[in-house]
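S.K.: Dropping in run_9.cif, which is mmCIF, C-alpha atoms and all ligand atoms:
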```cif
data_target
loop_
_atom_site.label_atom_id
_atom_site.label_comp_id
_atom_site.auth_asym_id
_atom_site.auth_seq_id
_atom_site.Cartn_x
_atom_site.Cartn_y
_atom_site.Cartn_z
CA MET A 1 28.64 3.95 14.34
CA ILE A 2 24.96 3.18 13.72
CA ILE A 3 23.50 0.46 15.95
CA ALA A 4 20.11 -1.08 15.12
CA ILE A 5 18.24 -2.82 17.95
CA ASP A 6 15.08 -4.59 16.82
CA GLY A 7 12.92 -7.17 18.49
CA THR A 8 9.63 -8.32 19.93
CA ALA A 9 7.43 -6.41 22.40
CA ALA A 10 8.63 -6.39 26.02
CA ALA A 11 11.88 -8.22 25.25
CA GLY A 12 13.90 -5.56 27.10
CA LYS A 13 14.89 -3.62 23.95
CA SER A 14 14.45 -0.14 25.40
CA THR A 15 16.48 -0.69 28.56
CA LEU A 16 19.13 -2.43 26.53
CA ALA A 17 19.22 0.24 23.82
CA ARG A 18 19.50 3.03 26.43
CA LYS A 19 22.41 1.29 28.13
CA ILE A 20 24.13 0.53 24.82
CA ALA A 21 23.79 4.21 23.81
CA ALA A 22 25.25 5.34 27.15
CA HIS A 23 28.14 2.88 26.79
CA TYR A 24 29.18 4.23 23.38
CA GLY A 25 28.19 7.84 24.12
CA LEU A 26 25.64 7.86 21.26
CA PRO A 27 22.17 9.43 21.09
CA HIS A 28 19.26 6.99 21.29
CA LEU A 29 15.92 6.98 19.46
CA ASP A 30 13.12 4.72 20.64
CA THR A 31 11.17 4.53 17.38
CA GLY A 32 8.26 2.81 19.13
CA SER A 33 7.57 6.16 20.80
CA ILE A 34 6.99 7.69 17.34
CA TYR A 35 4.25 5.19 16.50
CA ARG A 36 2.84 5.55 20.02
CA ALA A 37 2.71 9.35 19.53
CA VAL A 38 0.95 9.02 16.17
CA ALA A 39 -1.74 6.81 17.77
CA ARG A 40 -2.09 9.33 20.62
CA ASP A 41 -2.51 12.25 18.21
CA VAL A 42 -5.10 10.37 16.13
CA GLN A 43 -7.17 9.64 19.22
CA LYS A 44 -6.75 13.14 20.66
CA ALA A 45 -8.11 14.58 17.41
CA GLY A 46 -11.21 12.44 17.89
CA HIS A 47 -10.47 9.90 15.15
CA ALA A 48 -10.50 6.12 15.27
CA LEU A 49 -7.23 4.23 14.84
CA THR A 50 -8.77 2.59 11.77
CA GLU A 51 -8.84 5.95 9.92
CA VAL A 52 -5.78 5.62 7.73
CA ASN A 53 -5.86 9.22 6.47
CA ALA A 54 -6.04 10.62 9.99
CA ALA A 55 -3.10 8.43 11.00
CA ALA A 56 -1.05 9.47 7.96
CA GLY A 57 -1.81 13.14 8.72
CA ALA A 58 -0.75 12.69 12.35
CA ALA A 59 2.48 11.05 11.18
CA ARG A 60 3.24 13.95 8.79
CA ASN A 61 2.57 16.52 11.54
CA LEU A 62 4.32 14.70 14.36
CA ASP A 63 5.99 17.01 16.87
CA ALA A 64 9.24 15.33 17.99
CA ALA A 65 9.20 17.42 21.18
CA THR A 66 6.25 15.32 22.43
CA LEU A 67 7.99 11.94 22.21
CA SER A 68 8.93 11.88 25.89
CA ASP A 69 5.29 12.36 26.96
CA PRO A 70 4.80 9.88 29.89
CA GLU A 71 1.33 9.13 28.51
CA LEU A 72 3.02 7.17 25.73
CA ARG A 73 4.17 4.57 28.24
CA LEU A 74 0.67 3.89 29.57
CA LYS A 75 -0.99 0.54 29.00
CA GLY A 76 -2.78 0.42 25.68
CA ALA A 77 -0.40 2.86 23.95
CA GLY A 78 1.75 0.02 22.56
CA GLU A 79 -1.27 -1.83 21.19
CA ALA A 80 -2.63 1.38 19.61
CA ALA A 81 0.81 2.06 18.10
CA SER A 82 0.86 -1.40 16.59
CA VAL A 83 -2.42 -0.65 14.75
CA VAL A 84 -1.28 2.61 13.09
CA ALA A 85 2.17 1.10 12.44
CA ALA A 86 0.60 -1.31 9.96
CA TYR A 87 -0.34 1.53 7.54
CA PRO A 88 2.26 2.03 4.77
CA GLU A 89 1.39 5.78 4.60
CA VAL A 90 2.26 6.18 8.27
CA ARG A 91 5.55 4.29 7.97
CA ALA A 92 6.57 6.26 4.88
CA ALA A 93 5.85 9.60 6.58
CA LEU A 94 8.10 8.67 9.52
CA LEU A 95 11.07 7.43 7.57
CA ASP A 96 12.89 10.74 7.00
CA PHE A 97 12.79 11.66 10.67
CA GLN A 98 14.30 8.31 11.66
CA ARG A 99 16.97 8.42 8.96
CA SER A 100 17.95 11.99 9.88
CA PHE A 101 18.39 10.87 13.45
CA ALA A 102 20.54 7.95 12.29
CA ALA A 103 22.67 10.42 10.33
CA THR A 104 23.75 12.24 13.52
CA PRO A 105 27.50 12.84 13.18
CA GLY A 106 29.27 10.10 15.15
CA GLY A 107 26.33 7.75 14.88
CA ALA A 108 23.26 6.74 16.86
CA VAL A 109 21.38 3.86 18.43
CA LEU A 110 17.89 3.28 17.01
CA GLU A 111 15.53 0.68 18.40
CA GLY A 112 12.31 -0.62 16.92
CA ARG A 113 11.00 -3.36 14.66
CA ASP A 114 12.40 -2.52 11.21
CA ILE A 115 15.59 -0.58 11.89
CA GLY A 116 17.95 -3.24 10.55
CA THR A 117 15.69 -4.18 7.64
CA VAL A 118 14.28 -0.84 6.40
CA VAL A 119 15.34 2.30 8.29
CA CYS A 120 19.09 1.59 8.49
CA PRO A 121 19.90 -1.44 6.34
CA ASP A 122 23.57 -0.37 6.37
CA ALA A 123 23.85 -0.15 10.17
CA ASP A 124 27.28 -1.13 11.55
CA ALA A 125 25.72 -3.55 14.04
CA LYS A 126 22.25 -5.09 14.12
CA ILE A 127 20.85 -6.94 17.08
CA PHE A 128 17.50 -8.70 17.18
CA VAL A 129 16.36 -9.08 20.79
CA SER A 130 13.76 -11.63 21.75
CA ALA A 131 12.66 -13.81 24.65
CA SER A 132 9.93 -16.39 25.08
CA ALA A 133 6.45 -14.87 25.20
CA LYS A 134 6.06 -16.30 28.70
CA ALA A 135 9.22 -14.63 30.00
CA ARG A 136 8.22 -11.31 28.40
CA ALA A 137 4.72 -11.51 29.87
CA ALA A 138 6.11 -12.27 33.33
CA ARG A 139 8.39 -9.19 33.18
CA ARG A 140 5.67 -6.92 31.81
CA TYR A 141 3.24 -8.19 34.46
CA VAL A 142 5.62 -7.21 37.29
CA GLU A 143 6.15 -3.80 35.67
CA LEU A 144 2.41 -3.14 35.24
CA ARG A 145 1.62 -4.25 38.79
CA GLY A 146 4.33 -1.82 39.93
CA TYR A 147 2.35 0.97 38.22
CA GLY A 148 -0.77 -0.21 40.07
CA VAL A 149 -2.46 -1.67 36.96
CA ASP A 150 -5.04 -4.34 37.81
CA ILE A 151 -4.39 -7.15 35.31
CA THR A 152 -3.69 -10.89 35.24
CA GLU A 153 -0.54 -12.48 33.84
CA GLU A 154 -2.68 -14.44 31.35
CA THR A 155 -4.11 -11.19 29.93
CA VAL A 156 -0.62 -9.71 29.61
CA LEU A 157 0.54 -12.84 27.77
CA LYS A 158 -2.40 -12.67 25.37
CA GLU A 159 -1.77 -8.98 24.64
CA ILE A 160 1.89 -9.67 23.93
CA GLU A 161 1.05 -12.56 21.60
CA ASP A 162 -1.58 -10.48 19.77
CA ARG A 163 0.87 -7.61 19.29
CA ASP A 164 3.65 -9.95 18.07
CA ARG A 165 1.21 -11.44 15.56
CA ARG A 166 0.07 -8.03 14.27
CA ASP A 167 3.67 -6.77 13.99
CA ARG A 168 4.85 -9.96 12.24
CA GLU A 169 1.97 -10.35 9.84
CA ARG A 170 1.63 -6.80 8.48
CA ALA A 171 2.43 -6.38 4.81
CA VAL A 172 4.92 -3.51 5.14
CA SER A 173 8.09 -3.66 7.23
CA PRO A 174 6.99 -6.71 9.23
CA LEU A 175 8.82 -7.61 12.39
CA ILE A 176 11.53 -9.94 11.14
CA PRO A 177 15.27 -10.15 11.88
CA ALA A 178 17.51 -8.66 9.19
CA LYS A 179 19.54 -11.38 7.43
CA ASP A 180 22.71 -10.00 9.01
CA ALA A 181 21.24 -9.37 12.48
CA LEU A 182 22.80 -11.01 15.52
CA LEU A 183 20.18 -12.77 17.62
CA LEU A 184 20.05 -12.14 21.35
CA ASP A 185 17.62 -14.26 23.38
CA THR A 186 17.12 -12.70 26.82
CA THR A 187 14.79 -15.41 28.21
CA GLU A 188 17.44 -16.57 30.68
CA LEU A 189 19.38 -13.29 30.98
CA ASP A 190 18.99 -10.42 33.43
CA ILE A 191 19.65 -6.93 32.08
CA GLU A 192 23.35 -6.86 33.05
CA LYS A 193 24.03 -10.20 31.34
CA ALA A 194 22.00 -9.14 28.28
CA LEU A 195 23.99 -5.90 28.10
CA ALA A 196 27.33 -7.71 28.32
CA ALA A 197 26.25 -10.09 25.56
CA ALA A 198 25.00 -7.22 23.37
CA LEU A 199 28.20 -5.19 23.79
CA GLU A 200 30.28 -8.21 22.80
CA LEU A 201 28.17 -8.75 19.67
CA ILE A 202 28.32 -5.06 18.72
CA ASP A 203 32.08 -4.75 19.31
CA LYS A 204 32.68 -7.79 17.12
CA ALA A 205 30.32 -6.61 14.37
CA ALA A 206 31.93 -3.16 14.34
CA GLY A 207 35.46 -4.64 14.45
CA LEU A 208 36.21 -3.20 17.89
CA ARG A 209 37.31 -6.55 19.36
O1 LIG B 1 8.66 -0.78 20.83
P1 LIG B 1 7.26 -0.40 21.24
O2 LIG B 1 6.59 -1.49 22.05
O3 LIG B 1 7.19 0.92 21.92
O4 LIG B 1 6.44 -0.26 19.86
C1 LIG B 1 5.05 -0.04 19.83
C2 LIG B 1 4.50 -0.52 18.50
O5 LIG B 1 4.96 0.34 17.45
C3 LIG B 1 4.90 -1.93 18.08
O6 LIG B 1 4.00 -2.92 18.56
C4 LIG B 1 4.92 -1.85 16.58
C5 LIG B 1 5.23 -0.41 16.28
N1 LIG B 1 6.61 -0.18 15.84
C6 LIG B 1 6.89 -0.43 14.51
O7 LIG B 1 6.03 -0.91 13.78
N2 LIG B 1 8.13 -0.14 14.01
C7 LIG B 1 9.08 0.36 14.80
N3 LIG B 1 10.30 0.63 14.28
C8 LIG B 1 8.82 0.59 16.18
C9 LIG B 1 7.57 0.30 16.67
#
```
Can you present the structure in this file as structure tokens?
M.R.:
Amino acid sequence: MIIAIDGTAAAGKSTLARKIAAHYGLPHLDTGSIYRAVARDVQKAGHALTEVNAAAGAARNLDAATLSDPELRLKGAGEAASVVAAYPEVRAALLDFQRSFAATPGGAVLEGRDIGTVVCPDADAKIFVSASAKARAARRYVELRGYGVDITEETVLKEIEDRDRRDRERAVSPLIPAKDALLLDTTELDIEKALAAALELIDKAAGLR
């Protein structure tokens, strides 16, 4: 069974996708980490994120063993990822890796922005996770403060809105729910309630209940 989890920044996708994968005993790929790693490699090589060729080269040479690098979770990595993710050359270079992962015997859970629309259009279940920008900013603010980051909630909200805009407005693979995606709004849900709702949607989509 292939499960596609797409959605906006800081909507709780990663936690949800990890728990969904554990529930069904499937491997999980956080595709955001791939774009984060490309941005990291571009910057480490001394290039600017605006250098499309450098970004495409980094995408072609990406080392999957570096995707769990804790640096990728640092503040700024998501914004940088969103910049290189807008280049068609980068997205094309990363497609095979994602599709090979999805082809794992038994299935897989992939989370990102374009899994249900582009990477796995034939996924057995597609969920599009979102929450109000305010709710997402409030959650991200608590998380960042927990890491000791000095930031205001207003700044976090602005960064989230900017990233949503960039992800939605890019020409290739924009952030948009697949026509057959099931929408899950987590504004009023804690993670346990969101998980229960997601499992019910997935079971129904896959004909398991
Ligand atoms: O899910 P995330 O916040 O780690 O993703 C970081 C950025 O990477 C996101 O703002 C846009 C980009 N991304 C993408 O364009 N397509 C994906 N499938 C996953 C992430």
S.K.: Could you list, as a list of chain:residue names, every residue within 10 Å of stretch 173-175 of chain A, counting all atoms listed in the file and ignoring same-chain residues fewer than 6 positions away?
M.R.: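 The residues that qualify are A:Asp6, A:Gly7, A:Thr8, A:Ala85, A:Ala86, A:Tyr87, A:Pro88, A:Arg91, A:Gly112, A:Arg113, A:Asp114, A:Ile115, A:Thr117, A:Val118, A:Val119, A:Phe128, A:Asp164, A:Arg165, A:Arg166, A:Asp167.
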S.K.: Here is a test: counting all atoms listed in the file, which residue of A:Ile127, A:Leu74, A:Val52, A:Leu184 is nearest to A:Glu143?
M.R.: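 Residue with the minimum atom-to-atom distance to A:Glu143: A:Leu74.
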S.K.: Between A:Ser132, A:Asn53, A:Thr155, A:Asn61, which residue has the minimum interatomic distance to A:Leu94, considering only C-alpha atoms?
M.R.: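 Smallest distance to A:Leu94 is found for A:Asn61.
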S.K.: Counting only C-alpha atoms, what is within 10 Å of A:Ser68, bar same-chain residues fewer than 2 positions away, as a VMD selection string?
M.R.: chain A and resid 30 33 to 34 37 64 to 66 70 to 73
S.K.: Just checking: using all atoms listed in the file, which residue out of A:Asp162, A:Asp180, A:Glu79, A:Glu153 ends up closest to ligand LIG 1 (chain B)?
M.R.: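 Ranked by minimum distance to ligand LIG 1 (chain B), first place goes to A:Glu79.
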S.K.: Using only C-alpha atoms and all ligand atoms, which of A:Lys204, A:His23, A:Arg99, A:Lys13 sits nearest ligand LIG 1 (chain B)?
M.R.: A:Lys13
S.K.: Counting only C-alpha atoms, which of A:Ala22, A:Gly12, A:Ala93, A:Phe101 gets nearest to A:Thr186?
M.R.: A:Gly12
S.K.: Write out as a CSV table (one decimal) with C-alpha atoms, keeping the file's coordinate frame which residues come within 12 Å of A:Leu189 when counting only C-alpha atoms, dropping same-chain ones fewer than 2 positions away.
M.R.:
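Saved the output as around19.csv:
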```
chain,number,residue,atom,x,y,z
A,11,ALA,CA,11.9,-8.2,25.2
A,12,GLY,CA,13.9,-5.6,27.1
A,16,LEU,CA,19.1,-2.4,26.5
A,129,VAL,CA,16.4,-9.1,20.8
A,130,SER,CA,13.8,-11.6,21.8
A,131,ALA,CA,12.7,-13.8,24.6
A,132,SER,CA,9.9,-16.4,25.1
A,135,ALA,CA,9.2,-14.6,30.0
A,136,ARG,CA,8.2,-11.3,28.4
A,139,ARG,CA,8.4,-9.2,33.2
A,184,LEU,CA,20.0,-12.1,21.4
A,185,ASP,CA,17.6,-14.3,23.4
A,186,THR,CA,17.1,-12.7,26.8
A,187,THR,CA,14.8,-15.4,28.2
A,191,ILE,CA,19.6,-6.9,32.1
A,192,GLU,CA,23.4,-6.9,33.0
A,193,LYS,CA,24.0,-10.2,31.3
A,194,ALA,CA,22.0,-9.1,28.3
A,195,LEU,CA,24.0,-5.9,28.1
A,196,ALA,CA,27.3,-7.7,28.3
A,197,ALA,CA,26.2,-10.1,25.6
A,198,ALA,CA,25.0,-7.2,23.4
```
S.K.: Using only the atoms of stretch 99-106 of chain A listed in the file, plus 5 Å on each side, state the axis-aligned box centre and edge lengths in Å rounded to one decimal, as AutoDock Vina command-line options.
M.R.:
```
--center_x 23.1 --center_y 10.4 --center_z 12.1 --size_x 22.3 --size_y 14.9 --size_z 16.2
```
S.K.: What is the atom CA of A:Gly148 to atom O5 of ligand LIG 1 (chain B) distance in Å?
M.R.: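 Computing it gives 23.3 Å between the two atoms.
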S.K.: Rank A:Thr15, A:Thr31, A:Gln43, A:Thr50 by their smallest atom-to-atom distance to A:Phe97, using all atoms listed in the file, and report the top residue only.
M.R.: A:Thr31
S.K.: Rounded to one decimal, what separation in Å do you get between atom CA of A:Ala58 and atom CA of A:Ala81?
M.R.: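 Atom-to-atom, atom CA of A:Ala58 and atom CA of A:Ala81 are spaced 12.2 Å apart.
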S.K.: Identify, on the basis of all atoms listed in the file, every residue whose closest approach to A:Arg18 does not exceed 10 Å; exclude the query and any residue fewer than 5 positions from it along the same chain; express the result as a list of chain:residue names.
M.R.: A:Lys13, A:His23, A:Leu26, A:Pro27, A:His28, A:Leu29, A:Asp30, A:Val109, A:Leu110, A:Glu111
S.K.: I'd like the interatomic distance between atom CA of A:Gly76 and atom CA of A:Arg168, to a tenth of an Å.
M.R.: 18.6 Å
S.K.: Using all atoms listed in the file, give me every residue within 12 Å of (-5.2, 16.1, 16.9) in file coordinates, as JSON, numbers by chain.
M.R.: {"A": [37, 38, 39, 40, 41, 42, 43, 44, 45, 46, 47, 48, 54, 55, 56, 57, 58, 59, 60, 61, 62, 63]}
S.K.: Extract, using only C-alpha atoms, all DNA, RNA and protein residues at most 7 Å from A:Tyr141, discarding same-chain residues fewer than 3 positions from it, and format them as a list in words.
M.R.: Ala137, Ala138, Leu144, Arg145, Glu153 and Val156 of chain A
S.K.: Just to be explicit: take each residue in the selection above, keep C-alpha atoms, and write the result as a compact mmCIF listing (two decimals), keeping the file's coordinate frame.
M.R.:
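Output saved as out35.txt:
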```txt
# COMPACT_ATOMS: atom_id res chain seq x y z
CA ALA A 137 4.72 -11.51 29.87
CA ALA A 138 6.11 -12.27 33.33
CA LEU A 144 2.41 -3.14 35.24
CA ARG A 145 1.62 -4.25 38.79
CA GLU A 153 -0.54 -12.48 33.84
CA VAL A 156 -0.62 -9.71 29.61
```
